[in-house]
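Participant: Here you go, this is run05.txt (compact mmCIF, C-alpha atoms and all ligand atoms).
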```txt
# COMPACT_ATOMS: atom_id res chain seq x y z
CA MET K 1 4.20 4.02 -61.19
CA GLN K 2 6.28 3.87 -64.36
CA ILE K 3 6.16 0.76 -66.56
CA LEU K 4 9.27 -0.03 -68.59
CA SER K 5 9.68 -2.77 -71.16
CA THR K 6 13.08 -2.23 -72.79
CA VAL K 7 16.65 -2.37 -71.51
CA ALA K 8 17.30 1.10 -73.00
CA GLU K 9 14.43 2.52 -70.92
CA VAL K 10 15.83 0.87 -67.78
CA GLN K 11 19.30 2.27 -68.43
CA ALA K 12 17.93 5.78 -69.01
CA PHE K 13 15.89 5.48 -65.81
CA SER K 14 18.96 4.30 -63.86
CA ALA K 15 21.08 7.19 -65.18
CA ARG K 16 18.41 9.69 -64.05
CA GLN K 17 18.23 8.00 -60.67
CA TRP K 18 22.01 8.23 -60.15
CA SER K 19 22.16 11.85 -61.34
CA THR K 20 19.60 12.88 -58.72
CA GLY K 21 21.41 10.93 -55.97
CA LYS K 22 18.29 8.91 -55.10
CA ARG K 23 18.63 5.44 -53.60
CA LEU K 24 17.05 2.64 -55.61
CA ALA K 25 15.91 -0.77 -54.37
CA LEU K 26 15.38 -3.63 -56.85
CA VAL K 27 12.99 -6.55 -56.36
CA PRO K 28 13.37 -9.11 -59.17
CA THR K 29 10.41 -11.51 -59.50
CA MET K 30 8.79 -13.89 -61.95
CA GLY K 31 5.36 -12.38 -61.27
CA PHE K 32 2.18 -13.96 -59.91
CA LEU K 33 2.97 -11.92 -56.84
CA HIS K 34 2.05 -12.95 -53.31
CA GLU K 35 2.63 -11.49 -49.84
CA GLY K 36 6.23 -12.76 -49.89
CA HIS K 37 7.05 -10.61 -52.92
CA LEU K 38 5.07 -7.68 -51.51
CA SER K 39 7.05 -7.83 -48.24
CA LEU K 40 10.20 -7.33 -50.36
CA ILE K 41 8.70 -4.32 -52.16
CA ARG K 42 7.53 -2.76 -48.87
CA GLU K 43 10.94 -3.27 -47.27
CA GLY K 44 12.60 -1.79 -50.36
CA ALA K 45 10.33 1.27 -50.08
CA LYS K 46 11.44 1.73 -46.45
CA ARG K 47 15.14 1.48 -47.27
CA ALA K 48 15.33 3.48 -50.51
CA ASP K 49 13.78 6.46 -52.31
CA GLY K 50 12.31 4.28 -55.06
CA VAL K 51 11.60 0.57 -55.68
CA ALA K 52 11.84 -1.09 -59.07
CA THR K 53 10.17 -4.49 -59.45
CA THR K 54 10.89 -6.74 -62.38
CA ILE K 55 8.34 -9.24 -63.67
CA PHE K 56 9.99 -11.70 -66.01
CA VAL K 57 9.44 -15.45 -66.23
CA ASN K 58 13.03 -16.26 -67.08
CA PRO K 59 13.05 -19.17 -69.54
CA THR K 60 16.72 -20.07 -69.01
CA GLN K 61 16.20 -21.14 -65.40
CA PHE K 62 13.62 -23.80 -66.31
CA GLY K 63 14.68 -27.32 -67.29
CA PRO K 64 13.20 -28.97 -70.41
CA THR K 65 10.65 -30.97 -68.37
CA GLU K 66 9.76 -28.16 -65.95
CA ASP K 67 6.74 -25.87 -65.76
CA LEU K 68 7.79 -22.87 -67.93
CA SER K 69 4.76 -23.02 -70.26
CA ARG K 70 2.25 -23.38 -67.42
CA TYR K 71 3.97 -21.06 -64.93
CA PRO K 72 1.14 -18.89 -63.51
CA ARG K 73 0.85 -15.34 -64.83
CA ASP K 74 -1.37 -12.37 -63.97
CA LEU K 75 0.23 -9.16 -65.23
CA GLN K 76 -2.66 -6.80 -64.47
CA GLY K 77 -3.08 -8.21 -60.96
CA ASP K 78 0.68 -7.95 -60.42
CA LEU K 79 0.79 -4.28 -61.52
CA ASP K 80 -2.01 -3.41 -59.09
CA LYS K 81 -0.19 -5.21 -56.26
CA CYS K 82 3.14 -3.52 -57.10
CA GLN K 83 1.48 -0.13 -57.00
CA SER K 84 -0.21 -0.67 -53.64
CA ALA K 85 2.98 -2.13 -52.11
CA GLY K 86 4.90 1.02 -53.08
CA ALA K 87 6.80 0.13 -56.26
CA THR K 88 7.72 3.20 -58.29
CA VAL K 89 8.83 1.36 -61.43
CA VAL K 90 7.96 -2.02 -62.96
CA PHE K 91 10.02 -3.66 -65.71
CA THR K 92 8.13 -6.27 -67.77
CA PRO K 93 10.34 -7.24 -70.70
CA GLU K 94 9.68 -9.83 -73.41
CA PRO K 95 12.18 -12.72 -73.51
CA LYS K 96 13.75 -11.37 -76.74
CA GLU K 97 14.56 -8.11 -74.98
CA ILE K 98 16.59 -10.00 -72.36
CA TYR K 99 17.99 -12.64 -74.73
CA PRO K 100 18.30 -10.99 -78.16
CA PRO K 101 19.63 -12.97 -81.13
CA GLY K 102 23.34 -13.61 -80.65
CA PHE K 103 23.14 -13.65 -76.85
CA GLN K 104 26.01 -15.88 -75.68
CA THR K 105 27.15 -14.93 -72.18
CA SER K 106 26.34 -16.71 -68.96
CA VAL K 107 27.23 -16.36 -65.30
CA GLU K 108 28.02 -19.48 -63.33
CA VAL K 109 28.60 -19.52 -59.59
CA THR K 110 30.56 -22.69 -59.11
CA GLN K 111 30.46 -23.53 -55.41
CA VAL K 112 27.19 -22.63 -53.70
CA SER K 113 25.32 -23.67 -56.88
CA GLN K 114 26.39 -27.26 -56.30
CA GLY K 115 24.21 -29.80 -54.51
CA LEU K 116 20.58 -29.29 -53.38
CA CYS K 117 18.53 -27.59 -56.16
CA GLY K 118 21.72 -27.17 -58.20
CA GLU K 119 22.06 -30.93 -58.43
CA LYS K 120 18.37 -31.64 -58.95
CA ARG K 121 17.79 -28.85 -61.49
CA PRO K 122 20.87 -28.80 -63.76
CA GLY K 123 21.40 -25.38 -65.34
CA HIS K 124 18.86 -23.70 -63.06
CA PHE K 125 21.30 -21.50 -61.15
CA LYS K 126 23.21 -20.61 -64.30
CA GLY K 127 19.91 -19.21 -65.63
CA VAL K 128 19.17 -17.41 -62.36
CA ALA K 129 22.71 -16.00 -61.99
CA THR K 130 22.76 -14.75 -65.59
CA VAL K 131 19.42 -12.97 -65.47
CA VAL K 132 20.03 -11.48 -62.01
CA THR K 133 23.46 -10.20 -63.12
CA LYS K 134 21.83 -8.58 -66.16
CA LEU K 135 19.13 -6.96 -64.00
CA LEU K 136 21.68 -5.66 -61.48
CA ALA K 137 23.87 -4.35 -64.30
CA MET K 138 21.07 -2.51 -66.11
CA PHE K 139 19.38 -1.04 -62.99
CA ARG K 140 22.53 -0.42 -60.90
CA PRO K 141 20.41 -0.42 -57.70
CA HIS K 142 21.80 0.40 -54.27
CA LEU K 143 20.14 -2.67 -52.81
CA ALA K 144 18.28 -5.71 -54.09
CA LEU K 145 15.90 -7.83 -52.04
CA PHE K 146 15.26 -11.58 -52.30
CA GLY K 147 13.26 -14.04 -50.19
CA GLU K 148 14.97 -16.61 -47.98
CA LYS K 149 12.47 -19.20 -49.24
CA ASP K 150 14.88 -19.65 -52.16
CA TYR K 151 17.78 -19.98 -49.77
CA GLN K 152 20.35 -21.45 -52.17
CA GLN K 153 19.41 -18.84 -54.78
CA LEU K 154 20.08 -16.10 -52.22
CA GLN K 155 23.58 -17.49 -51.57
CA VAL K 156 24.22 -17.72 -55.33
CA ILE K 157 23.22 -14.07 -55.77
CA LYS K 158 25.37 -12.93 -52.83
CA ALA K 159 28.34 -14.76 -54.37
CA LEU K 160 27.95 -13.30 -57.87
CA ASN K 161 27.46 -9.81 -56.46
CA ALA K 162 30.68 -10.11 -54.42
CA ASP K 163 32.73 -11.91 -57.10
CA LEU K 164 31.76 -9.55 -59.93
CA ASN K 165 32.16 -6.42 -57.74
CA LEU K 166 28.65 -5.25 -58.48
CA GLY K 167 28.55 -3.35 -55.20
CA VAL K 168 24.86 -3.93 -54.51
CA GLU K 169 23.63 -4.54 -50.97
CA ILE K 170 21.90 -7.93 -51.20
CA VAL K 171 19.13 -8.21 -48.62
CA GLY K 172 17.61 -11.59 -47.70
CA MET K 173 14.12 -11.36 -46.22
CA PRO K 174 12.34 -13.97 -44.07
CA THR K 175 9.97 -16.42 -45.72
CA VAL K 176 6.34 -15.33 -45.49
CA ARG K 177 4.03 -18.18 -44.43
CA GLU K 178 0.33 -18.95 -44.32
CA PRO K 179 -1.04 -19.04 -40.74
CA ASP K 180 -0.68 -22.86 -40.78
CA GLY K 181 3.00 -22.63 -41.74
CA LEU K 182 2.96 -23.28 -45.51
CA ALA K 183 5.62 -21.12 -47.18
CA LEU K 184 4.09 -18.79 -49.77
CA SER K 185 5.02 -19.73 -53.33
CA SER K 186 3.53 -18.93 -56.72
CA ARG K 187 3.54 -22.71 -57.29
CA ASN K 188 1.08 -23.27 -54.39
CA THR K 189 -1.60 -22.38 -56.92
CA TYR K 190 -1.02 -25.81 -58.58
CA LEU K 191 -2.06 -27.67 -55.39
CA SER K 192 -5.45 -29.38 -54.98
CA ALA K 193 -7.13 -29.12 -51.55
CA ASP K 194 -5.69 -32.52 -50.56
CA GLU K 195 -2.22 -31.62 -51.79
CA ARG K 196 -2.43 -28.32 -49.92
CA ARG K 197 -2.89 -30.36 -46.71
CA GLN K 198 -0.06 -32.76 -47.61
CA ALA K 199 2.24 -29.81 -48.32
CA LEU K 200 2.17 -28.84 -44.63
CA ALA K 201 4.59 -31.72 -44.01
CA LEU K 202 7.45 -29.54 -45.32
CA SER K 203 7.13 -26.72 -42.78
CA ARG K 204 6.08 -29.09 -40.00
CA GLY K 205 9.06 -31.37 -40.60
CA LEU K 206 11.44 -28.40 -40.56
CA LYS K 207 9.88 -27.00 -37.38
CA ALA K 208 10.13 -30.41 -35.69
CA ALA K 209 13.83 -30.67 -36.62
CA GLN K 210 14.40 -27.13 -35.36
CA ALA K 211 12.74 -28.02 -32.02
CA LEU K 212 14.72 -31.26 -31.73
CA ALA K 213 17.96 -29.35 -32.28
CA LYS K 214 16.96 -26.79 -29.68
CA ALA K 215 16.33 -29.63 -27.25
CA GLY K 216 19.94 -30.77 -27.70
CA GLU K 217 20.01 -33.18 -30.66
CA ARG K 218 23.18 -32.59 -32.71
CA ASP K 219 23.29 -35.59 -35.04
CA ALA K 220 22.36 -34.61 -38.60
CA GLN K 221 21.03 -38.11 -39.44
CA VAL K 222 18.59 -37.97 -36.52
CA LEU K 223 17.42 -34.49 -37.50
CA LEU K 224 17.01 -35.47 -41.16
CA GLU K 225 15.11 -38.65 -40.27
CA ARG K 226 12.72 -36.54 -38.21
CA ILE K 227 11.96 -34.43 -41.30
CA ARG K 228 11.67 -37.51 -43.52
CA GLY K 229 9.10 -38.99 -41.11
CA PHE K 230 6.77 -36.07 -41.85
CA LEU K 231 7.20 -36.47 -45.61
CA THR K 232 6.59 -40.22 -45.47
CA ASP K 233 3.49 -39.82 -43.28
CA ALA K 234 2.06 -37.27 -45.73
CA LYS K 235 2.94 -39.55 -48.69
CA ILE K 236 5.15 -36.89 -50.22
CA ARG K 237 8.12 -37.81 -52.42
CA GLU K 238 11.38 -36.31 -51.21
CA ASP K 239 13.62 -34.67 -53.81
CA TYR K 240 16.20 -33.89 -51.15
CA VAL K 241 16.40 -33.23 -47.43
CA ALA K 242 19.63 -31.68 -46.15
CA LEU K 243 21.31 -30.07 -43.19
CA VAL K 244 24.05 -27.71 -44.31
CA ASN K 245 26.35 -24.93 -43.19
CA ALA K 246 24.17 -21.83 -43.70
CA GLN K 247 26.92 -19.95 -45.58
CA THR K 248 28.86 -22.53 -47.58
CA LEU K 249 25.89 -24.91 -48.04
CA GLN K 250 28.24 -27.84 -47.34
CA PRO K 251 26.49 -30.81 -45.66
CA LEU K 252 26.92 -31.07 -41.89
CA LEU K 253 27.30 -34.33 -40.00
CA ARG K 254 26.67 -32.63 -36.67
CA LEU K 255 25.43 -29.29 -35.42
CA GLU K 256 28.14 -27.33 -33.66
CA PRO K 257 27.46 -24.35 -31.40
CA GLY K 258 28.34 -21.14 -33.21
CA VAL K 259 28.17 -22.71 -36.71
CA PRO K 260 25.00 -21.40 -38.41
CA ALA K 261 23.07 -24.28 -39.96
CA ARG K 262 20.11 -24.55 -42.29
CA ALA K 263 17.74 -27.44 -42.94
CA LEU K 264 16.38 -27.54 -46.50
CA ILE K 265 13.73 -29.64 -48.24
CA ALA K 266 12.58 -30.09 -51.80
CA ALA K 267 9.66 -32.46 -52.28
CA PHE K 268 7.01 -33.37 -54.81
CA VAL K 269 3.44 -32.93 -53.68
CA GLY K 270 1.63 -34.66 -56.52
CA LYS K 271 3.38 -33.20 -59.56
CA THR K 272 4.27 -29.92 -57.85
CA ARG K 273 7.81 -29.48 -56.58
CA LEU K 274 7.92 -27.33 -53.43
CA ILE K 275 10.92 -26.12 -51.42
CA ASP K 276 11.28 -24.78 -47.91
CA ASN K 277 14.04 -24.21 -45.34
CA LEU K 278 14.61 -23.07 -41.78
CA SER K 279 17.59 -22.11 -39.66
CA VAL K 280 18.58 -24.72 -37.11
CA VAL K 281 20.45 -23.74 -33.96
CA ALA K 282 22.24 -26.17 -31.64
CA GLY K 283 20.53 -26.04 -28.24
O1 LIG W 301 13.15 -16.00 -57.35
C1 LIG W 301 12.73 -15.72 -58.49
O2 LIG W 301 11.55 -15.39 -58.70
C2 LIG W 301 13.66 -15.83 -59.68
O3 LIG W 301 14.50 -16.92 -59.56
C3 LIG W 301 14.45 -14.53 -59.96
C4 LIG W 301 15.39 -14.18 -58.81
C5 LIG W 301 13.48 -13.39 -60.18
C6 LIG W 301 15.31 -14.70 -61.22
O4 LIG W 301 14.52 -14.99 -62.34
```
Would you mind writing the file's structure down as structure tokens?
Facilitator:
Amino acid sequence: MQILSTVAEVQAFSARQWSTGKRLALVPTMGFLHEGHLSLIREGAKRADGVATTIFVNPTQFGPTEDLSRYPRDLQGDLDKCQSAGATVVFTPEPKEIYPPGFQTSVEVTQVSQGLCGEKRPGHFKGVATVVTKLLAMFRPHLALFGEKDYQQLQVIKALNADLNLGVEIVGMPTVREPDGLALSSRNTYLSADERRQALALSRGLKAAQALAKAGERDAQVLLERIRGFLTDAKIREDYVALVNAQTLQPLLRLEPGVPARALIAAFVGKTRLIDNLSVVAG
């Protein structure tokens, strides 16, 4: 497994890759890798000749009061995991390599970035869109894989890839969960044992709404109240709970057969902000 730390090295690697006609998969991450990330690397290895993983805690996607300085890191552990999952290249740049002095360009996806996390974390998706565009531009992969756990992020990345004609196949992969339903997240490491139990309200609330919809409930308010009941019972503070069109992310008043819908939650468990989402199908 090759380890790269500069943009010039990545560009030279990409040029070699294209000249040999090999297919490259890219898995961008912020490190502290868990099974969710590893499922992306393994899938990339199945679909391409090589998989590049990036490990970069991107400062521009954190707000001033967010957890940038305490974001969990474990570079050696991550490199071992990348290797055993089948990554062929890992890119671990320093922030100044990605944002050198004079850096002044940003990418903003104006529609699907609105609402949900876009509203609650101003500037977040501008930071994500900019760094992902840079990574896609320097690696020029054939495909790039992202988890559906960050569902709005996935839609933002699909939009920038289409709008900027980057020509990458963007692959969304299902959320990987603990056996009890908790969505894997690097931020789960912040949770105490009690908070870990409280956090189950997110996946349980979503599952309950999904079951209610399957049983015939179409009214968004009823479905959202079902989710909120779980959060309230677990004494978790809601950041948002929403039922949206799965593609446009516009809020839905009712489920309609044939219109793909998604229920999304962001909530604070103690000080830790967790997100989760599930598809909801009209029964
Ligand atoms: O999902 C993440 O870990 C990050 O938002 C990403 C896509 C690697 C961009 O920094």
Participant: Let me see if you get this right: every residue at most 8 Å from ligand LIG 301 (chain W), counting only C-alpha atoms and all ligand atoms, written as a PyMOL selection string.
Facilitator: chain K and resi 27-31+54-58+61+127-129+131-132+146-147+150+153
Participant: What gap, in Å, lies between CA of Leu253 (chain K) and CA of Asp219 (chain K)?
Facilitator: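 Taking CA of Leu253 (chain K) and CA of Asp219 (chain K), their separation equals 6.5 Å.
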Participant: Separation of CA of Gly50 (chain K) and CA of His37 (chain K), in Å?
Facilitator: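 It comes out at 15.9 Å.
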Participant: Choose the residue, out of K:Arg273, K:Gly86, K:Phe125, K:Arg23, that has the smallest atom-to-atom separation from Phe62 (chain K); count all atoms listed in the file.
Facilitator: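 Between K:Arg273, K:Gly86, K:Phe125, K:Arg23, the residue approaching Phe62 (chain K) most closely is K:Phe125.
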Participant: Which residue, K:Asp67, K:Glu148, K:Asp74, K:Glu169, has the smallest gap to Arg47 (chain K) when you use only C-alpha atoms?
Facilitator: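 Distance minimum relative to Arg47 (chain K) lands on K:Glu169.
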Participant: Show me, as a short mmCIF file (atom, residue, chain, number, x, y, z; two decimals) with C-alpha atoms, in the coordinates of the input, the residues that have an atom within 8 Å of Ala87 (chain K) when counting only C-alpha atoms, minus same-chain residues fewer than 6 positions from it.
Facilitator:
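The resulting around06.cif:
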```cif
data_model
loop_
_atom_site.label_atom_id
_atom_site.label_comp_id
_atom_site.auth_asym_id
_atom_site.auth_seq_id
_atom_site.Cartn_x
_atom_site.Cartn_y
_atom_site.Cartn_z
CA MET K 1 4.20 4.02 -61.19
CA ILE K 41 8.70 -4.32 -52.16
CA ARG K 42 7.53 -2.76 -48.87
CA ALA K 45 10.33 1.27 -50.08
CA GLY K 50 12.31 4.28 -55.06
CA VAL K 51 11.60 0.57 -55.68
CA ALA K 52 11.84 -1.09 -59.07
CA THR K 53 10.17 -4.49 -59.45
#
```
Participant: Quick one: residues within 9 Å of Lys126 (chain K), all atoms listed in the file counted, chain neighbours fewer than 5 positions away excluded, as a list in words?
Facilitator: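 Listed by chain and then number, they are Thr60, Gln61, Ser106, Val107, Glu108, Val109, Ser113 and Val131 of chain K.
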Participant: Mind listing whatever residues come within 7 Å of the point (19.9, -1.7, -57.1)? Use all atoms listed in the file, file coordinates, and give them as a VMD selection string.
Facilitator: chain K and resid 24 to 26 136 139 to 144 168
Participant: One number please: CA of Gln198 (chain K) to CA of Leu231 (chain K), in Å, one decimal.
Facilitator: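 Pair CA of Gln198 (chain K) / CA of Leu231 (chain K) returns 8.4 Å.
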Participant: Using all atoms listed in the file, which residue out of K:Ser14, K:Ser203, K:Ser19, K:Asn188 lies closest to Thr175 (chain K)?
Facilitator: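 Nearest to Thr175 (chain K): K:Ser203.
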Participant: Go through K:Gly270, K:Arg237, K:Arg228, K:Gln247 one by one, measure the shortest atom-to-atom distance of each to Arg196 (chain K) using only C-alpha atoms, and give the residue with the smallest value.
Facilitator: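 Under the stated criterion, the closest residue is K:Gly270.
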Participant: Pick out the residues sitting within 10 Å of Lys158 (chain K), and hand them over as a list in words; count all atoms listed in the file, and ignore anything fewer than 2 positions along from it in its own chain.
Facilitator: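 Result of the neighbour search: Val109, Val112, Gln152, Gln153, Leu154, Gln155, Val156, Leu160, Asn161, Ala162, Asp163, Val168, Glu169, Ile170, Val171 and Gly172 of chain K.
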Participant: With distances taken over all atoms listed in the file, which residue among K:Thr130, K:Asn277, K:Ser39, K:Thr110 lies nearest Lys81 (chain K)?
Facilitator: K:Ser39
Participant: Can you tell me which residues surround Lys149 (chain K) at a distance of at most 10 Å, considering all atoms listed in the file, apart from same-chain residues fewer than 6 positions away, and format the answer as a list in words?
Facilitator: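 Skipping anything fewer than 6 positions along the chain leaves Gly36, Gly172, Met173, Pro174, Thr175, Val176, Arg177, Ala183, Leu184, Ser185, Leu264, Ile275, Asp276, Asn277 and Leu278 of chain K.
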Participant: Which residue out of K:Val222, K:Ser5, K:Gly118, K:His34 has the minimum interatomic distance to Asp80 (chain K) when all atoms listed in the file are used?
Facilitator: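 Between K:Val222, K:Ser5, K:Gly118, K:His34, the residue approaching Asp80 (chain K) most closely is K:His34.
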Participant: Need to verify the contact set: Leu243 (chain K), 9 Å, all atoms listed in the file, exclusion of same-chain residues closer than 2 positions in sequence. Can you return it as number ranges by chain?
Facilitator: K: 220-221, 223-224, 241, 245-246, 249-255, 261-264, 280
